[in-house]
Every structure is written in C-alpha cells, then in structure tokens.
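Source file query.pdb; content: PDB, C-alpha atoms, pLDDT in the B column.
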```
ATOM      1  CA  MET V   1      16.819  15.267   7.291  1.00 50.00           C
ATOM      2  CA  SER V   2      16.363  12.447   4.829  1.00 66.00           C
ATOM      3  CA  ASP V   3      15.761  13.242   1.188  1.00 88.00           C
ATOM      4  CA  LYS V   4      14.170   9.855   0.600  1.00 95.00           C
ATOM      5  CA  LYS V   5      10.675   9.727  -0.804  1.00 97.00           C
ATOM      6  CA  LYS V   6       8.299   7.962   1.553  1.00 98.00           C
ATOM      7  CA  ALA V   7       5.287   5.836   0.624  1.00 98.00           C
ATOM      8  CA  LEU V   8       2.761   4.238   2.974  1.00 98.00           C
ATOM      9  CA  PHE V   9       0.175   1.711   1.788  1.00 98.00           C
ATOM     10  CA  ILE V  10      -3.081   1.502   3.739  1.00 98.00           C
ATOM     11  CA  CYS V  11      -5.942  -0.977   3.877  1.00 98.00           C
ATOM     12  CA  LEU V  12      -8.522  -1.819   6.491  1.00 97.00           C
ATOM     13  CA  GLY V  13      -6.560  -4.368   8.543  1.00 97.00           C
ATOM     14  CA  ASN V  14      -2.996  -4.376   7.098  1.00 98.00           C
ATOM     15  CA  ILE V  15      -3.036  -8.139   6.531  1.00 98.00           C
ATOM     16  CA  CYS V  16      -4.093  -8.460   2.870  1.00 97.00           C
ATOM     17  CA  ARG V  17      -3.936  -5.630   0.350  1.00 98.00           C
ATOM     18  CA  SER V  18      -1.513  -3.156   1.907  1.00 98.00           C
ATOM     19  CA  PRO V  19       1.227  -5.724   2.704  1.00 98.00           C
ATOM     20  CA  ILE V  20       0.986  -7.023  -0.871  1.00 98.00           C
ATOM     21  CA  ALA V  21       1.182  -3.463  -2.239  1.00 98.00           C
ATOM     22  CA  GLU V  22       4.137  -2.696   0.050  1.00 98.00           C
ATOM     23  CA  ALA V  23       6.019  -5.821  -1.067  1.00 98.00           C
ATOM     24  CA  VAL V  24       5.240  -5.170  -4.745  1.00 98.00           C
ATOM     25  CA  PHE V  25       6.466  -1.582  -4.484  1.00 98.00           C
ATOM     26  CA  LEU V  26       9.640  -2.668  -2.681  1.00 98.00           C
ATOM     27  CA  LYS V  27      10.373  -5.044  -5.557  1.00 98.00           C
ATOM     28  CA  ALA V  28       9.559  -2.357  -8.139  1.00 98.00           C
ATOM     29  CA  ILE V  29      11.995   0.151  -6.622  1.00 98.00           C
ATOM     30  CA  ALA V  30      14.662  -2.569  -6.265  1.00 98.00           C
ATOM     31  CA  ASN V  31      14.232  -3.550  -9.921  1.00 97.00           C
ATOM     32  CA  ALA V  32      14.472   0.116 -10.927  1.00 97.00           C
ATOM     33  CA  GLY V  33      17.669   0.534  -8.912  1.00 98.00           C
ATOM     34  CA  VAL V  34      16.172   3.235  -6.690  1.00 98.00           C
ATOM     35  CA  ALA V  35      15.501   1.312  -3.469  1.00 97.00           C
ATOM     36  CA  ASP V  36      17.943   3.536  -1.578  1.00 97.00           C
ATOM     37  CA  GLN V  37      15.815   6.560  -2.521  1.00 97.00           C
ATOM     38  CA  TRP V  38      12.625   5.301  -0.892  1.00 98.00           C
ATOM     39  CA  GLU V  39      11.199   4.437   2.504  1.00 98.00           C
ATOM     40  CA  VAL V  40       8.186   2.130   2.247  1.00 98.00           C
ATOM     41  CA  ASP V  41       5.740   0.735   4.812  1.00 98.00           C
ATOM     42  CA  SER V  42       2.125  -0.293   5.207  1.00 98.00           C
ATOM     43  CA  ALA V  43      -0.466   0.160   7.931  1.00 98.00           C
ATOM     44  CA  ALA V  44      -4.118  -0.377   8.819  1.00 98.00           C
ATOM     45  CA  ILE V  45      -7.104   1.853   9.339  1.00 98.00           C
ATOM     46  CA  GLY V  46      -8.294  -0.385  12.194  1.00 97.00           C
ATOM     47  CA  SER V  47      -6.472  -1.989  15.099  1.00 97.00           C
ATOM     48  CA  TRP V  48      -7.892  -5.540  14.895  1.00 96.00           C
ATOM     49  CA  HIS V  49      -4.722  -7.219  13.567  1.00 97.00           C
ATOM     50  CA  VAL V  50      -1.949  -5.059  15.085  1.00 98.00           C
ATOM     51  CA  GLY V  51       1.168  -7.147  15.669  1.00 98.00           C
ATOM     52  CA  ARG V  52       0.039 -10.003  13.430  1.00 98.00           C
ATOM     53  CA  SER V  53       1.561 -11.321  10.216  1.00 98.00           C
ATOM     54  CA  PRO V  54      -0.423 -10.967   6.987  1.00 98.00           C
ATOM     55  CA  ASP V  55      -3.177 -13.440   6.109  1.00 97.00           C
ATOM     56  CA  HIS V  56      -1.716 -16.815   5.119  1.00 97.00           C
ATOM     57  CA  ARG V  57      -3.121 -16.408   1.599  1.00 98.00           C
ATOM     58  CA  ALA V  58      -1.403 -13.016   1.233  1.00 98.00           C
ATOM     59  CA  LEU V  59       1.868 -14.559   2.417  1.00 98.00           C
ATOM     60  CA  ALA V  60       1.466 -17.465  -0.015  1.00 98.00           C
ATOM     61  CA  THR V  61       0.829 -15.040  -2.880  1.00 98.00           C
ATOM     62  CA  MET V  62       3.900 -13.000  -1.969  1.00 98.00           C
ATOM     63  CA  LYS V  63       6.029 -16.131  -1.689  1.00 98.00           C
ATOM     64  CA  LYS V  64       4.768 -17.359  -5.078  1.00 98.00           C
ATOM     65  CA  HIS V  65       5.986 -14.102  -6.644  1.00 98.00           C
ATOM     66  CA  ASP V  66       9.293 -14.010  -4.748  1.00 97.00           C
ATOM     67  CA  LEU V  67       8.307 -11.072  -2.557  1.00 97.00           C
ATOM     68  CA  PRO V  68       9.977 -11.456   0.847  1.00 94.00           C
ATOM     69  CA  TYR V  69       7.855 -10.086   3.686  1.00 96.00           C
ATOM     70  CA  SER V  70       8.291 -10.068   7.436  1.00 95.00           C
ATOM     71  CA  ASN V  71       6.477  -6.950   8.669  1.00 96.00           C
ATOM     72  CA  LYS V  72       3.670  -7.118  11.209  1.00 98.00           C
ATOM     73  CA  ALA V  73       0.409  -5.197  11.010  1.00 98.00           C
ATOM     74  CA  ARG V  74       0.297  -1.746  12.551  1.00 98.00           C
ATOM     75  CA  GLN V  75      -2.292   0.994  12.693  1.00 98.00           C
ATOM     76  CA  ILE V  76      -1.790   4.364  11.026  1.00 98.00           C
ATOM     77  CA  LYS V  77      -0.927   7.183  13.402  1.00 97.00           C
ATOM     78  CA  LYS V  78      -1.132  10.974  13.144  1.00 94.00           C
ATOM     79  CA  ALA V  79       2.643  11.290  12.695  1.00 95.00           C
ATOM     80  CA  ASP V  80       2.410   9.241   9.476  1.00 97.00           C
ATOM     81  CA  PHE V  81       0.620  12.124   7.756  1.00 97.00           C
ATOM     82  CA  GLU V  82       3.663  14.352   8.316  1.00 95.00           C
ATOM     83  CA  HIS V  83       6.310  11.666   7.806  1.00 96.00           C
ATOM     84  CA  TYR V  84       5.156  10.180   4.480  1.00 97.00           C
ATOM     85  CA  ASP V  85       5.003  11.910   1.130  1.00 97.00           C
ATOM     86  CA  TYR V  86       2.396   9.524  -0.286  1.00 98.00           C
ATOM     87  CA  ILE V  87      -0.285   7.568   1.547  1.00 98.00           C
ATOM     88  CA  PHE V  88      -2.157   5.133  -0.667  1.00 98.00           C
ATOM     89  CA  GLY V  89      -5.627   3.861   0.126  1.00 98.00           C
ATOM     90  CA  MET V  90      -6.872   0.706  -1.550  1.00 98.00           C
ATOM     91  CA  ASP V  91     -10.488   1.855  -1.935  1.00 97.00           C
ATOM     92  CA  GLY V  92     -12.702   4.882  -1.485  1.00 96.00           C
ATOM     93  CA  GLU V  93     -13.593   3.954   2.080  1.00 97.00           C
ATOM     94  CA  ASN V  94      -9.882   3.876   2.990  1.00 97.00           C
ATOM     95  CA  ILE V  95      -9.474   7.345   1.482  1.00 97.00           C
ATOM     96  CA  GLU V  96     -12.446   8.702   3.453  1.00 97.00           C
ATOM     97  CA  ASP V  97     -11.087   7.153   6.667  1.00 97.00           C
ATOM     98  CA  LEU V  98      -7.663   8.668   5.954  1.00 97.00           C
ATOM     99  CA  LYS V  99      -9.177  12.108   5.392  1.00 95.00           C
ATOM    100  CA  GLN V 100     -10.991  11.864   8.737  1.00 95.00           C
ATOM    101  CA  ARG V 101      -7.780  10.850  10.555  1.00 94.00           C
ATOM    102  CA  ALA V 102      -5.493  13.365   8.846  1.00 94.00           C
ATOM    103  CA  PRO V 103      -4.484  16.386  10.895  1.00 91.00           C
ATOM    104  CA  LYS V 104      -6.418  19.504   9.959  1.00 86.00           C
ATOM    105  CA  GLU V 105      -3.116  21.324   9.472  1.00 80.00           C
ATOM    106  CA  GLY V 106       0.464  20.244   9.015  1.00 67.00           C
ATOM    107  CA  GLY V 107       0.183  16.957   7.176  1.00 81.00           C
ATOM    108  CA  LYS V 108       2.328  16.843   4.053  1.00 92.00           C
ATOM    109  CA  ALA V 109       1.262  13.453   2.699  1.00 96.00           C
ATOM    110  CA  LYS V 110      -0.661  13.257  -0.533  1.00 96.00           C
ATOM    111  CA  MET V 111      -3.523  10.818  -0.030  1.00 96.00           C
ATOM    112  CA  LEU V 112      -3.964   8.841  -3.221  1.00 97.00           C
ATOM    113  CA  LEU V 113      -6.130   5.967  -4.391  1.00 97.00           C
ATOM    114  CA  LEU V 114      -3.658   3.319  -5.543  1.00 98.00           C
ATOM    115  CA  GLY V 115      -6.060   2.206  -8.281  1.00 97.00           C
ATOM    116  CA  ASN V 116      -5.833   5.640  -9.888  1.00 97.00           C
ATOM    117  CA  PHE V 117      -2.459   4.492 -11.208  1.00 97.00           C
ATOM    118  CA  ASP V 118      -3.830   1.356 -12.880  1.00 97.00           C
ATOM    119  CA  PRO V 119      -3.181   1.863 -16.600  1.00 96.00           C
ATOM    120  CA  GLN V 120      -5.777  -0.787 -17.505  1.00 95.00           C
ATOM    121  CA  GLN V 121      -8.546   0.317 -15.126  1.00 91.00           C
ATOM    122  CA  PRO V 122      -7.838   3.862 -13.852  1.00 86.00           C
ATOM    123  CA  GLY V 123      -9.708   4.577 -10.643  1.00 87.00           C
ATOM    124  CA  ALA V 124     -10.338   0.933  -9.881  1.00 89.00           C
ATOM    125  CA  ILE V 125     -10.379  -0.153  -6.277  1.00 94.00           C
ATOM    126  CA  ILE V 126      -8.064  -2.869  -5.015  1.00 96.00           C
ATOM    127  CA  ARG V 127     -10.783  -5.306  -3.964  1.00 91.00           C
ATOM    128  CA  ASP V 128     -10.442  -6.766  -0.482  1.00 95.00           C
ATOM    129  CA  PRO V 129      -9.943 -10.549  -0.808  1.00 96.00           C
ATOM    130  CA  TYR V 130     -10.087 -11.186   2.968  1.00 95.00           C
ATOM    131  CA  TYR V 131     -13.528 -12.831   2.939  1.00 92.00           C
ATOM    132  CA  ASP V 132     -12.841 -14.930  -0.169  1.00 93.00           C
ATOM    133  CA  SER V 133     -12.760 -18.681   0.375  1.00 91.00           C
ATOM    134  CA  GLY V 134      -9.687 -19.202  -1.799  1.00 91.00           C
ATOM    135  CA  SER V 135      -6.576 -17.392  -2.951  1.00 93.00           C
ATOM    136  CA  GLU V 136      -7.732 -16.098  -6.358  1.00 95.00           C
ATOM    137  CA  GLY V 137      -8.589 -12.652  -4.983  1.00 96.00           C
ATOM    138  CA  PHE V 138      -5.096 -12.349  -3.527  1.00 98.00           C
ATOM    139  CA  GLU V 139      -3.588 -13.134  -6.908  1.00 97.00           C
ATOM    140  CA  GLN V 140      -5.840 -10.509  -8.518  1.00 96.00           C
ATOM    141  CA  CYS V 141      -4.748  -8.035  -5.835  1.00 97.00           C
ATOM    142  CA  TYR V 142      -1.093  -8.814  -6.616  1.00 98.00           C
ATOM    143  CA  VAL V 143      -1.542  -8.334 -10.379  1.00 97.00           C
ATOM    144  CA  GLN V 144      -3.364  -5.056  -9.903  1.00 97.00           C
ATOM    145  CA  CYS V 145      -0.758  -3.808  -7.382  1.00 98.00           C
ATOM    146  CA  VAL V 146       2.022  -4.572  -9.874  1.00 98.00           C
ATOM    147  CA  ARG V 147       0.331  -2.453 -12.549  1.00 98.00           C
ATOM    148  CA  CYS V 148      -0.427   0.389 -10.132  1.00 98.00           C
ATOM    149  CA  CYS V 149       2.956   0.446  -8.386  1.00 98.00           C
ATOM    150  CA  ASP V 150       4.894   0.310 -11.660  1.00 98.00           C
ATOM    151  CA  SER V 151       2.783   3.144 -13.068  1.00 98.00           C
ATOM    152  CA  PHE V 152       3.114   5.257  -9.921  1.00 98.00           C
ATOM    153  CA  LEU V 153       6.884   4.736  -9.794  1.00 98.00           C
ATOM    154  CA  ALA V 154       7.267   5.742 -13.450  1.00 98.00           C
ATOM    155  CA  LYS V 155       5.291   8.956 -12.829  1.00 97.00           C
ATOM    156  CA  ALA V 156       7.180   9.698  -9.601  1.00 97.00           C
ATOM    157  CA  GLN V 157      10.546   9.258 -11.336  1.00 95.00           C
ATOM    158  CA  LYS V 158       9.473  11.705 -14.038  1.00 95.00           C
ATOM    159  CA  GLY V 159       8.389  14.195 -11.364  1.00 92.00           C
ATOM    160  CA  GLU V 160       4.763  14.027 -12.474  1.00 93.00           C
ATOM    161  CA  ILE V 161       3.449  13.452  -8.956  1.00 89.00           C
TER     162      ILE V 161
END
```
Written as structure tokens, that's how I'd like the structure from this file.
Amino acid sequence: MSDKKKALFICLGNICRSPIAEAVFLKAIANAGVADQWEVDSAAIGSWHVGRSPDHRALATMKKHDLPYSNKARQIKKADFEHYDYIFGMDGENIEDLKQRAPKEGGKAKMLLLGNFDPQQPGAIIRDPYYDSGSEGFEQCYVQCVRCCDSFLAKAQKGEI
C-alpha cells in the first residue's frame, strides 16, 4: 500500500483548467522537494475529449511557464473516489457533478473547490477559458492555479487538511 498523498484535478473536459492545475501542482511539489510523496493526475466530468491532448492555448500557456505536459484527457471513474485523497473541482458545477458521481459509501476522497485555497480571492472559481477567443483566460487560469496549489500544498504539509 502506498503512503503517497494523491490529488486529482477535475474540470468539465480535462483540456483546459485541470491539466494546467495538474502541471502547476506537479511543479509546486517538485520545487518543494516532495514530488516523491505525491501522485497527481487530472480528469474530466464529461467524455467529449477523452484521449485528446489539452487545448493548444493551454499547452502554450504551460510551455510558456516551463510546465512539461504529455497526459491525455480522461474521464473520472468511480474508483477515483477511493483512490485519491483529494479531488479538486474548478467551479461549483464541477463540485456538484462530483458529488452526484461519488459512491454513496466507501469513497475516501475529500472533494474540494480549488479556488478555496486562493489567498487573494478565497472561494473564487477557476473560470473556464475554453470559449475565449485568445489566450488571456488561460494565463489567468495559470496564475490562479499557482496561488491555489501553493496554498493547498503549504496547508497539506502542515497537516491542516
């Protein structure tokens, strides 16, 4: 049995917000020297993009910030609720969808709104930039994910979560 902590980042399609959050958190745990203590992934609520790479604007944003990424979109499954310790939704709708999909009994994952860890805007949603015409929303998503992931990691390392 692994004693690693496990975090799963969720958004609607797993091609914009959740891959960025996953990559940001991977960098945060690497920078903190605790990468070997974590298992990190991302997934979608819906199945529309399963098997696809993230949106080209998400990939460009990750590349700009030196965040390597090669995962493909996948959909959340029931087993994820038992496997992961933390499942992060990007907005309230994600959280509601997660609650509906969670097993009635047996799931150990804490379902958390990632924006609740934003020290500048607690409770803020990570806005979906998918329908934006440019890349500015992806950059905003990245900046917000950095704040939230750093804050979450600090609290997790102190045992506050």
Report the centre and edge lengths, in Å to one decimal, of an axis-aligned box enclosing every atom of stretch 104-120 of chain V listed in the file, padded by 8 Å on each side, as JSON.
```
{"center_x": -2.0, "center_y": 10.3, "center_z": -3.8, "size_x": 24.7, "size_y": 38.1, "size_z": 43.5}
```
Review point. Leaving out V:Gln140 and any residue of its chain fewer than 4 positions from it, which residues lie within 9 Å of it when counting all atoms listed in the file, given as an MDAnalysis selection string?
Key: chainID V and resid 126:127 129 135:136 144:145
Exercise for review: Identify which of the residues V:Ile20, V:Cys148, V:Leu98, V:Ala28 lies closest to V:Ala60, counting all atoms listed in the file when measuring atom-to-atom distances.
Suggested key: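 Of all the options, V:Ile20 lies closest to V:Ala60.
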Review point. Which residues come within 10 Å of V:Arg101, counting all atoms listed in the file, excluding same-chain residues fewer than 3 positions away, as a list in words?
Key: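 Contacts, with the query itself left out: Ile45, Ile76, Lys77, Lys78, Phe81, Ile95, Glu96, Asp97, Leu98 and Lys104 of chain V.
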Review point. Quick one: which residues end up in the PyMOL selection byres ((chain V and resi 107) around 9) for this structure, as a list in words?
Key: Lys78, Ala79, Asp80, Phe81, Glu82, His83, Tyr84, Ala102, Pro103, Lys104, Glu105, Gly106, Lys108, Ala109 and Lys110 of chain V
Practice item. Take the PyMOL selection byres ((chain V and resi 71) around 10), apply it to the structure above, and return the hits as a ChimeraX atom specification. Key: /V:14-15,19,22-23,41-43,51-54,68-70,72-74
Point to revise | Atomic separation - atom CA of V:Lys5 relative to atom CA of V:Gly159, Å | key: 11.7 Å
Study note, to complete from the structure: Atom pair atom CA of V:Gly89 + atom CA of V:Cys149, distance 12.6 Å
Review point. How many Å separate atom CA of V:Gln100 from atom CA of V:Trp48?
Key: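 Value for the atom CA of V:Gln100-atom CA of V:Trp48 distance: 18.7 Å.
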Review point. Of the candidates V:Lys155, V:Ala21, V:Gly92, V:Asp85, which shows the shortest atom-to-atom distance to V:Ala124, using all atoms listed in the file?
Key: V:Gly92
Picked residues, the PyMOL selection byres ((chain V and resi 117) around 7), expected as a compact mmCIF listing (two decimals) with C-alpha atoms, in the coordinates of the input:
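Okay, this is what ended up in out.txt:
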```
# COMPACT_ATOMS: atom_id res chain seq x y z
CA LEU V 114 -3.66 3.32 -5.54
CA GLY V 115 -6.06 2.21 -8.28
CA ASN V 116 -5.83 5.64 -9.89
CA ASP V 118 -3.83 1.36 -12.88
CA PRO V 119 -3.18 1.86 -16.60
CA PRO V 122 -7.84 3.86 -13.85
CA CYS V 148 -0.43 0.39 -10.13
CA SER V 151 2.78 3.14 -13.07
CA PHE V 152 3.11 5.26 -9.92
```
Check your understanding: Out of V:Gly134, V:Ala58, V:Ala7, V:Ser18, which residue has the shortest atom-to-atom distance to V:Ala35 when counting all atoms listed in the file?
Key ->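 Closest to V:Ala35 of all the choices is V:Ala7.
Ranking V:Asp150, V:Asp3, V:Asp36, V:Asp128 by their shortest atom-to-atom distance to V:Glu93, with only C-alpha atoms included, puts V:Asp128 first.
The closest residue to V:Gly13, picked from V:Glu39, V:Leu59, V:Tyr130, V:Lys27 and counting only C-alpha atoms, is V:Tyr130.
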